[in-house]
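What follows is a single structure, written as C-alpha coordinates, with notes after it.
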Amino acid sequence: MPPAPSFSADRPRILLGLIGAGIQASRTPRIHQREAAVHGLHCEYRLIDLDTLGVNADALPRLLEDAEREGFTGLNITHPCKQSILPLLNEISTDAAAIGAVNTVLLRDGKRIGHNTDWTGFREGFLSAMPNAPLSHVVQLGAGGAGAATAYALLRMGVGHLTVFDPDNTRCTSLVDHYRAAFDPNRISSTTRIDSSLAHADGLVHATPTGMRSHPGSPLPASLLHPGLWVAEIVYFPLETELLRAARAAGCRTVDGGGMAVHQAVEAFRLFTGFEADPERMREHFIAHSPA
(Lines give C-alpha, C1' and ligand atoms only; values in the text may rest on other atoms or scores of the structure.)
Protein backbone atom coordinates (compact mmCIF):
# COMPACT_ATOMS: atom_id res chain seq x y z
CA MET A 1 0.00 0.00 0.00
CA PRO A 2 1.53 3.37 -0.97
CA PRO A 3 2.09 5.87 1.83
CA ALA A 4 -0.33 8.74 2.12
CA PRO A 5 1.01 11.86 0.41
CA SER A 6 2.02 14.69 2.69
CA PHE A 7 -0.29 17.68 2.74
CA SER A 8 0.66 21.11 1.52
CA ALA A 9 -1.17 24.39 1.63
CA ASP A 10 -2.29 24.12 -2.00
CA ARG A 11 -3.94 20.70 -1.70
CA PRO A 12 -7.71 20.79 -2.16
CA ARG A 13 -9.57 20.65 1.15
CA ILE A 14 -12.98 19.17 1.86
CA LEU A 15 -15.05 19.26 5.04
CA LEU A 16 -17.38 16.34 5.69
CA GLY A 17 -19.49 15.17 8.61
CA LEU A 18 -21.69 12.38 9.95
CA ILE A 19 -25.01 13.20 11.64
CA GLY A 20 -26.52 10.53 13.85
CA ALA A 21 -26.99 9.26 17.39
CA GLY A 22 -24.39 7.25 19.30
CA ILE A 23 -21.76 7.49 16.55
CA GLN A 24 -18.56 8.04 18.54
CA ALA A 25 -17.24 4.59 17.56
CA SER A 26 -17.76 5.18 13.83
CA ARG A 27 -14.82 4.48 11.52
CA THR A 28 -16.33 6.54 8.70
CA PRO A 29 -14.15 9.61 9.39
CA ARG A 30 -10.87 7.73 9.19
CA ILE A 31 -11.64 5.75 6.05
CA HIS A 32 -12.75 8.91 4.21
CA GLN A 33 -9.74 10.86 5.42
CA ARG A 34 -7.28 8.12 4.48
CA GLU A 35 -8.80 7.62 1.02
CA ALA A 36 -8.83 11.38 0.46
CA ALA A 37 -5.13 11.53 1.29
CA VAL A 38 -4.34 8.93 -1.37
CA HIS A 39 -6.06 11.17 -3.92
CA GLY A 40 -4.14 14.24 -2.80
CA LEU A 41 -7.01 15.81 -0.85
CA HIS A 42 -7.04 17.13 2.68
CA CYS A 43 -10.25 15.89 4.30
CA GLU A 44 -11.53 17.01 7.67
CA TYR A 45 -14.36 14.79 8.87
CA ARG A 46 -16.45 15.67 11.93
CA LEU A 47 -18.85 13.59 14.01
CA ILE A 48 -22.10 15.44 14.73
CA ASP A 49 -23.48 13.16 17.43
CA LEU A 50 -27.03 13.89 18.56
CA ASP A 51 -26.41 12.07 21.85
CA THR A 52 -23.31 14.13 22.60
CA LEU A 53 -25.14 17.34 21.71
CA GLY A 54 -28.16 16.34 23.81
CA VAL A 55 -30.61 16.75 20.92
CA ASN A 56 -32.73 14.55 18.65
CA ALA A 57 -33.67 14.54 14.98
CA ASP A 58 -35.73 17.70 15.53
CA ALA A 59 -32.41 19.55 15.55
CA LEU A 60 -31.70 18.66 11.89
CA PRO A 61 -32.75 22.06 10.45
CA ARG A 62 -30.27 23.87 12.67
CA LEU A 63 -27.52 21.29 12.10
CA LEU A 64 -27.89 21.59 8.32
CA GLU A 65 -27.81 25.37 8.51
CA ASP A 66 -24.66 25.21 10.64
CA ALA A 67 -23.01 22.84 8.13
CA GLU A 68 -23.82 25.15 5.23
CA ARG A 69 -22.53 28.18 7.09
CA GLU A 70 -19.27 26.40 7.95
CA GLY A 71 -18.68 25.35 4.34
CA PHE A 72 -19.24 21.58 4.51
CA THR A 73 -18.90 19.72 1.20
CA GLY A 74 -21.33 17.05 2.32
CA LEU A 75 -22.74 14.94 5.11
CA ASN A 76 -23.34 11.30 5.82
CA ILE A 77 -26.64 10.66 7.61
CA THR A 78 -27.38 7.73 9.91
CA HIS A 79 -29.89 6.57 12.54
CA PRO A 80 -32.30 8.19 13.43
CA CYS A 81 -32.21 10.84 10.70
CA LYS A 82 -32.36 9.04 7.34
CA GLN A 83 -36.06 9.65 6.81
CA SER A 84 -36.64 12.80 8.84
CA ILE A 85 -34.08 14.67 6.73
CA LEU A 86 -36.11 14.26 3.51
CA PRO A 87 -38.30 17.38 3.80
CA LEU A 88 -35.20 19.50 4.47
CA LEU A 89 -33.59 18.75 1.08
CA ASN A 90 -33.84 20.60 -2.23
CA GLU A 91 -33.24 17.60 -4.48
CA ILE A 92 -33.33 13.82 -4.00
CA SER A 93 -31.82 11.18 -6.31
CA THR A 94 -34.09 8.67 -8.04
CA ASP A 95 -32.95 5.77 -5.83
CA ALA A 96 -33.24 7.80 -2.63
CA ALA A 97 -36.77 8.85 -3.62
CA ALA A 98 -37.70 5.23 -4.37
CA ILE A 99 -36.29 4.12 -1.00
CA GLY A 100 -37.67 7.03 0.97
CA ALA A 101 -34.44 7.52 2.92
CA VAL A 102 -31.21 9.46 2.51
CA ASN A 103 -27.78 8.67 3.93
CA THR A 104 -25.63 11.09 1.91
CA VAL A 105 -26.21 14.81 1.39
CA LEU A 106 -24.20 17.01 -0.98
CA LEU A 107 -24.09 20.71 -0.17
CA ARG A 108 -23.56 22.37 -3.53
CA ASP A 109 -24.31 25.88 -4.81
CA GLY A 110 -26.74 26.59 -2.00
CA LYS A 111 -28.62 23.31 -2.52
CA ARG A 112 -28.98 20.21 -0.37
CA ILE A 113 -28.96 17.14 -2.61
CA GLY A 114 -29.87 13.79 -1.06
CA HIS A 115 -28.60 10.36 -2.17
CA ASN A 116 -28.85 6.84 -0.83
CA THR A 117 -25.66 4.77 -1.03
CA ASP A 118 -26.85 2.26 1.59
CA TRP A 119 -28.64 0.10 -0.95
CA THR A 120 -25.65 -0.24 -3.28
CA GLY A 121 -23.42 -0.67 -0.22
CA PHE A 122 -25.52 -3.57 1.03
CA ARG A 123 -25.72 -5.16 -2.42
CA GLU A 124 -22.00 -4.98 -3.13
CA GLY A 125 -21.00 -6.05 0.37
CA PHE A 126 -23.39 -8.99 0.35
CA LEU A 127 -22.50 -10.24 -3.13
CA SER A 128 -18.79 -9.97 -2.37
CA ALA A 129 -19.11 -12.02 0.82
CA MET A 130 -21.76 -14.54 -0.28
CA PRO A 131 -22.10 -14.54 -4.09
CA ASN A 132 -24.03 -17.81 -4.34
CA ALA A 133 -26.46 -17.35 -1.47
CA PRO A 134 -29.99 -18.68 -2.09
CA LEU A 135 -32.51 -15.86 -2.43
CA SER A 136 -35.85 -17.62 -2.83
CA HIS A 137 -37.21 -16.42 0.52
CA VAL A 138 -35.52 -13.81 2.71
CA VAL A 139 -36.76 -12.40 6.01
CA GLN A 140 -35.80 -8.86 6.97
CA LEU A 141 -35.94 -7.57 10.52
CA GLY A 142 -36.34 -3.79 10.52
CA ALA A 143 -38.39 -1.34 8.46
CA GLY A 144 -36.70 1.97 9.26
CA GLY A 145 -34.35 4.02 7.09
CA ALA A 146 -31.70 1.32 6.78
CA GLY A 147 -34.36 -1.34 6.31
CA ALA A 148 -35.87 0.63 3.44
CA ALA A 149 -32.48 0.56 1.70
CA THR A 150 -31.77 -3.13 2.29
CA ALA A 151 -35.30 -4.10 1.17
CA TYR A 152 -34.81 -2.09 -2.03
CA ALA A 153 -31.45 -3.79 -2.60
CA LEU A 154 -32.89 -7.27 -2.02
CA LEU A 155 -35.75 -6.68 -4.43
CA ARG A 156 -33.35 -5.27 -7.03
CA MET A 157 -31.10 -8.31 -6.48
CA GLY A 158 -33.94 -10.65 -7.45
CA VAL A 159 -35.13 -12.07 -4.13
CA GLY A 160 -38.11 -14.30 -4.82
CA HIS A 161 -40.06 -13.23 -1.75
CA LEU A 162 -39.14 -10.79 1.01
CA THR A 163 -40.94 -11.00 4.35
CA VAL A 164 -40.50 -7.94 6.58
CA PHE A 165 -40.91 -7.83 10.35
CA ASP A 166 -40.72 -4.78 12.59
CA PRO A 167 -41.94 -4.30 16.17
CA ASP A 168 -43.69 -1.19 14.84
CA ASN A 169 -46.30 -2.89 12.68
CA THR A 170 -47.53 0.39 11.21
CA ARG A 171 -44.03 1.23 9.97
CA CYS A 172 -43.64 -2.31 8.64
CA THR A 173 -46.92 -2.18 6.72
CA SER A 174 -46.02 1.23 5.32
CA LEU A 175 -42.69 -0.04 3.97
CA VAL A 176 -44.27 -3.11 2.40
CA ASP A 177 -47.07 -1.10 0.78
CA HIS A 178 -44.47 1.34 -0.57
CA TYR A 179 -42.55 -1.42 -2.36
CA ARG A 180 -45.65 -3.29 -3.49
CA ALA A 181 -46.39 -0.22 -5.59
CA ALA A 182 -42.88 -0.24 -7.11
CA PHE A 183 -42.29 -3.98 -7.57
CA ASP A 184 -44.41 -7.09 -8.11
CA PRO A 185 -46.72 -6.96 -5.07
CA ASN A 186 -46.46 -10.74 -4.65
CA ARG A 187 -42.72 -10.46 -3.93
CA ILE A 188 -42.98 -8.70 -0.56
CA SER A 189 -45.16 -9.06 2.53
CA SER A 190 -45.17 -8.16 6.21
CA THR A 191 -45.45 -10.52 9.15
CA THR A 192 -46.13 -10.34 12.85
CA ARG A 193 -44.63 -13.83 13.38
CA ILE A 194 -40.92 -13.77 12.62
CA ASP A 195 -40.50 -17.22 14.21
CA SER A 196 -42.66 -19.04 11.65
CA SER A 197 -41.25 -16.94 8.80
CA LEU A 198 -37.65 -17.81 9.66
CA ALA A 199 -38.36 -21.52 9.93
CA HIS A 200 -38.49 -21.91 6.14
CA ALA A 201 -36.40 -18.93 4.99
CA ASP A 202 -33.08 -18.99 3.11
CA GLY A 203 -31.72 -15.91 4.82
CA LEU A 204 -32.17 -13.20 7.44
CA VAL A 205 -31.19 -9.55 7.00
CA HIS A 206 -30.94 -7.62 10.26
CA ALA A 207 -31.62 -3.91 9.66
CA THR A 208 -32.17 -2.35 13.09
CA PRO A 209 -29.72 -0.57 15.44
CA THR A 210 -29.81 -3.42 17.97
CA GLY A 211 -26.31 -4.72 18.48
CA MET A 212 -24.60 -1.34 18.17
CA ARG A 213 -22.47 -0.30 21.13
CA SER A 214 -25.15 2.26 21.93
CA HIS A 215 -27.94 -0.35 21.52
CA PRO A 216 -26.46 -3.60 22.87
CA GLY A 217 -28.16 -6.98 22.68
CA SER A 218 -29.64 -9.29 20.07
CA PRO A 219 -32.74 -8.47 18.02
CA LEU A 220 -34.20 -11.96 18.30
CA PRO A 221 -33.86 -15.21 20.28
CA ALA A 222 -30.97 -17.42 19.19
CA SER A 223 -33.38 -20.37 19.17
CA LEU A 224 -34.92 -19.04 15.92
CA LEU A 225 -31.66 -19.51 14.01
CA HIS A 226 -30.97 -22.74 12.13
CA PRO A 227 -28.15 -24.11 9.92
CA GLY A 228 -30.12 -23.67 6.70
CA LEU A 229 -30.20 -19.90 7.22
CA TRP A 230 -27.65 -17.30 6.19
CA VAL A 231 -27.57 -14.12 8.30
CA ALA A 232 -26.54 -10.67 7.05
CA GLU A 233 -25.94 -7.86 9.55
CA ILE A 234 -25.94 -4.11 8.90
CA VAL A 235 -24.49 -3.09 12.27
CA TYR A 236 -20.77 -2.43 11.87
CA PHE A 237 -19.62 -1.12 15.22
CA PRO A 238 -18.90 -3.56 16.57
CA LEU A 239 -18.36 -5.91 13.63
CA GLU A 240 -18.86 -8.90 15.93
CA THR A 241 -22.45 -8.50 17.10
CA GLU A 242 -24.33 -10.75 19.46
CA LEU A 243 -26.56 -11.82 16.56
CA LEU A 244 -23.58 -12.90 14.44
CA ARG A 245 -22.06 -14.86 17.31
CA ALA A 246 -25.34 -16.69 17.85
CA ALA A 247 -25.75 -17.30 14.10
CA ARG A 248 -22.32 -18.86 13.74
CA ALA A 249 -22.95 -21.01 16.80
CA ALA A 250 -26.16 -22.22 15.11
CA GLY A 251 -24.24 -23.17 11.95
CA CYS A 252 -25.37 -20.23 9.81
CA ARG A 253 -23.25 -18.57 7.15
CA THR A 254 -22.85 -14.90 8.05
CA VAL A 255 -22.07 -11.51 6.53
CA ASP A 256 -20.97 -8.74 8.88
CA GLY A 257 -21.94 -5.10 8.46
CA GLY A 258 -18.47 -4.04 7.37
CA GLY A 259 -19.09 -4.75 3.70
CA MET A 260 -22.13 -2.50 3.57
CA ALA A 261 -20.32 0.21 5.52
CA VAL A 262 -17.32 0.16 3.19
CA HIS A 263 -19.22 -0.01 -0.09
CA GLN A 264 -21.66 2.73 0.86
CA ALA A 265 -18.62 4.84 1.74
CA VAL A 266 -17.05 4.08 -1.65
CA GLU A 267 -20.05 5.55 -3.44
CA ALA A 268 -20.40 8.45 -0.98
CA PHE A 269 -16.71 9.30 -1.49
CA ARG A 270 -17.26 9.44 -5.25
CA LEU A 271 -20.24 11.76 -4.78
CA PHE A 272 -18.34 14.01 -2.36
CA THR A 273 -15.07 14.25 -4.30
CA GLY A 274 -15.52 13.05 -7.87
CA PHE A 275 -12.76 10.46 -7.29
CA GLU A 276 -13.23 6.68 -7.51
CA ALA A 277 -12.34 5.07 -4.18
CA ASP A 278 -10.61 1.70 -3.93
CA PRO A 279 -12.96 -0.70 -2.04
CA GLU A 280 -10.16 -3.01 -0.93
CA ARG A 281 -8.08 -0.15 0.41
CA MET A 282 -11.08 1.31 2.23
CA ARG A 283 -11.85 -2.11 3.69
CA GLU A 284 -8.26 -2.38 4.96
CA HIS A 285 -8.55 0.97 6.71
CA PHE A 286 -11.98 0.07 8.05
CA ILE A 287 -10.66 -3.16 9.61
CA ALA A 288 -7.50 -1.49 10.88
CA HIS A 289 -9.55 1.00 12.89
CA SER A 290 -12.18 -1.44 14.13
CA PRO A 291 -12.30 -1.63 17.93
CA ALA A 292 -11.73 -5.04 19.48
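Naming works like this for the C-alpha coordinates: A, B, ... for the chains as they're shown, residue 1 at the start of each chain, ligands 1 onward in shown order.
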Could you name the residues that touch segment 263-277 of chain A at 8 Å or less, counting only C-alpha atoms, but leaving out those on the same chain fewer than 5 positions away, as a ChimeraX atom specification? /A:28,32,35,39,73-74,76,104,106,117-122,124-125,282
So that I can check the secondary structure, give me every residue of segment 36-196 of chain A assigned helix (DSSP H, G or I) by backbone DSSP, as number ranges by chain. A: 36-38, 50-53, 57-69, 86-88, 94-99, 118-129, 145-157, 169-180, 185-187, 194-196
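The smallest atom-to-atom distance between Asn90 of chain A and any of A:Leu75, A:Leu107, A:Leu18, A:Ile48, using only C-alpha atoms, is found for A:Leu107.
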With a distance cut-off of 6 Å and only C-alpha atoms, select the neighbouring residues of segment 135-145 of chain A, excluding the residue or stretch itself and same-chain residues fewer than 2 positions from it, and output the selection as number ranges by chain. A: 82-83, 101, 147-148, 159-166, 172, 201-208
File dump, residues just selected, N, CA and C atoms, as a PDB file, in the first residue's frame:
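Done, and the output landed in selection.pdb:
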```
ATOM      1  N   LYS A  82     -32.354   9.309   8.774  1.00  0.00           N
ATOM      2  CA  LYS A  82     -32.362   9.035   7.339  1.00  0.00           C
ATOM      3  C   LYS A  82     -33.681   9.366   6.655  1.00  0.00           C
ATOM      4  N   GLN A  83     -34.758   9.319   7.402  1.00  0.00           N
ATOM      5  CA  GLN A  83     -36.057   9.650   6.815  1.00  0.00           C
ATOM      6  C   GLN A  83     -36.511  11.060   7.192  1.00  0.00           C
ATOM      7  N   ALA A 101     -35.439   7.273   1.877  1.00  0.00           N
ATOM      8  CA  ALA A 101     -34.443   7.521   2.923  1.00  0.00           C
ATOM      9  C   ALA A 101     -33.164   8.025   2.279  1.00  0.00           C
ATOM     10  N   GLY A 147     -33.554  -0.248   6.820  1.00  0.00           N
ATOM     11  CA  GLY A 147     -34.363  -1.341   6.307  1.00  0.00           C
ATOM     12  C   GLY A 147     -34.987  -1.017   4.954  1.00  0.00           C
ATOM     13  N   ALA A 148     -35.339   0.233   4.744  1.00  0.00           N
ATOM     14  CA  ALA A 148     -35.869   0.633   3.441  1.00  0.00           C
ATOM     15  C   ALA A 148     -34.824   0.423   2.355  1.00  0.00           C
ATOM     16  N   VAL A 159     -34.540 -11.200  -5.154  1.00  0.00           N
ATOM     17  CA  VAL A 159     -35.125 -12.073  -4.132  1.00  0.00           C
ATOM     18  C   VAL A 159     -36.527 -12.493  -4.562  1.00  0.00           C
ATOM     19  N   GLY A 160     -36.803 -13.800  -4.409  1.00  0.00           N
ATOM     20  CA  GLY A 160     -38.109 -14.298  -4.821  1.00  0.00           C
ATOM     21  C   GLY A 160     -39.234 -13.738  -3.976  1.00  0.00           C
ATOM     22  N   HIS A 161     -39.071 -13.816  -2.652  1.00  0.00           N
ATOM     23  CA  HIS A 161     -40.059 -13.231  -1.746  1.00  0.00           C
ATOM     24  C   HIS A 161     -39.347 -12.676  -0.518  1.00  0.00           C
ATOM     25  N   LEU A 162     -39.709 -11.466  -0.165  1.00  0.00           N
ATOM     26  CA  LEU A 162     -39.145 -10.794   1.006  1.00  0.00           C
ATOM     27  C   LEU A 162     -40.241 -10.609   2.046  1.00  0.00           C
ATOM     28  N   THR A 163     -40.010 -11.163   3.235  1.00  0.00           N
ATOM     29  CA  THR A 163     -40.938 -10.998   4.351  1.00  0.00           C
ATOM     30  C   THR A 163     -40.313 -10.035   5.348  1.00  0.00           C
ATOM     31  N   VAL A 164     -41.036  -8.991   5.699  1.00  0.00           N
ATOM     32  CA  VAL A 164     -40.501  -7.943   6.576  1.00  0.00           C
ATOM     33  C   VAL A 164     -41.204  -7.980   7.922  1.00  0.00           C
ATOM     34  N   PHE A 165     -40.389  -7.906   8.979  1.00  0.00           N
ATOM     35  CA  PHE A 165     -40.912  -7.829  10.348  1.00  0.00           C
ATOM     36  C   PHE A 165     -40.331  -6.598  11.030  1.00  0.00           C
ATOM     37  N   ASP A 166     -41.175  -5.905  11.770  1.00  0.00           N
ATOM     38  CA  ASP A 166     -40.717  -4.785  12.590  1.00  0.00           C
ATOM     39  C   ASP A 166     -41.637  -4.703  13.801  1.00  0.00           C
ATOM     40  N   CYS A 172     -43.880  -1.131   9.474  1.00  0.00           N
ATOM     41  CA  CYS A 172     -43.640  -2.306   8.637  1.00  0.00           C
ATOM     42  C   CYS A 172     -44.620  -2.350   7.462  1.00  0.00           C
ATOM     43  N   ALA A 201     -37.069 -19.948   5.799  1.00  0.00           N
ATOM     44  CA  ALA A 201     -36.398 -18.927   4.994  1.00  0.00           C
ATOM     45  C   ALA A 201     -34.982 -19.358   4.607  1.00  0.00           C
ATOM     46  N   ASP A 202     -34.475 -18.783   3.519  1.00  0.00           N
ATOM     47  CA  ASP A 202     -33.081 -18.987   3.111  1.00  0.00           C
ATOM     48  C   ASP A 202     -32.143 -18.085   3.902  1.00  0.00           C
ATOM     49  N   GLY A 203     -32.621 -16.867   4.196  1.00  0.00           N
ATOM     50  CA  GLY A 203     -31.724 -15.908   4.825  1.00  0.00           C
ATOM     51  C   GLY A 203     -32.449 -14.895   5.681  1.00  0.00           C
ATOM     52  N   LEU A 204     -31.682 -14.259   6.548  1.00  0.00           N
ATOM     53  CA  LEU A 204     -32.169 -13.198   7.438  1.00  0.00           C
ATOM     54  C   LEU A 204     -31.288 -11.973   7.271  1.00  0.00           C
ATOM     55  N   VAL A 205     -31.903 -10.832   7.019  1.00  0.00           N
ATOM     56  CA  VAL A 205     -31.194  -9.552   7.005  1.00  0.00           C
ATOM     57  C   VAL A 205     -31.623  -8.779   8.235  1.00  0.00           C
ATOM     58  N   HIS A 206     -30.637  -8.412   9.058  1.00  0.00           N
ATOM     59  CA  HIS A 206     -30.936  -7.621  10.257  1.00  0.00           C
ATOM     60  C   HIS A 206     -30.674  -6.155   9.959  1.00  0.00           C
ATOM     61  N   ALA A 207     -31.727  -5.324  10.025  1.00  0.00           N
ATOM     62  CA  ALA A 207     -31.617  -3.914   9.657  1.00  0.00           C
ATOM     63  C   ALA A 207     -32.191  -3.002  10.732  1.00  0.00           C
ATOM     64  N   THR A 208     -31.807  -3.254  12.001  1.00  0.00           N
ATOM     65  CA  THR A 208     -32.167  -2.354  13.095  1.00  0.00           C
ATOM     66  C   THR A 208     -30.885  -1.952  13.821  1.00  0.00           C
TER      67      THR A 208
END
```
Please indicate the distance in Å from atom CA of Asp256 of chain A to atom CA of Cys81 of chain A, rounded to one decimal place.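 Interatomic distance, atom CA of Asp256 of chain A to atom CA of Cys81 of chain A: 22.6 Å.
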Show which residues sit within 12 Å of Arg62 of chain A, as a PyMOL selection string. Count only C-alpha atoms, and ignore same-chain residues fewer than 4 positions away. chain A and resi 19+48+55-58+66-69+85+88
If you run DSSP on the backbone, which residues of segment 69-106 of chain A are strand (DSSP E), as a list in words? Gly74, Leu75, Asn76, Ile77, Glu91, Ile92, Thr104, Val105 and Leu106 of chain A
If you count only C-alpha atoms, which residues fall within 10 Å of Ser218 of chain A, apart from same-chain ones fewer than 4 positions away, as a list in words?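 Once the adjacent positions are removed, what remains is Pro209, Thr210, Gly211, Met212, Ala222, Thr241, Glu242, Leu243, Leu244, Arg245 and Ala246 of chain A.
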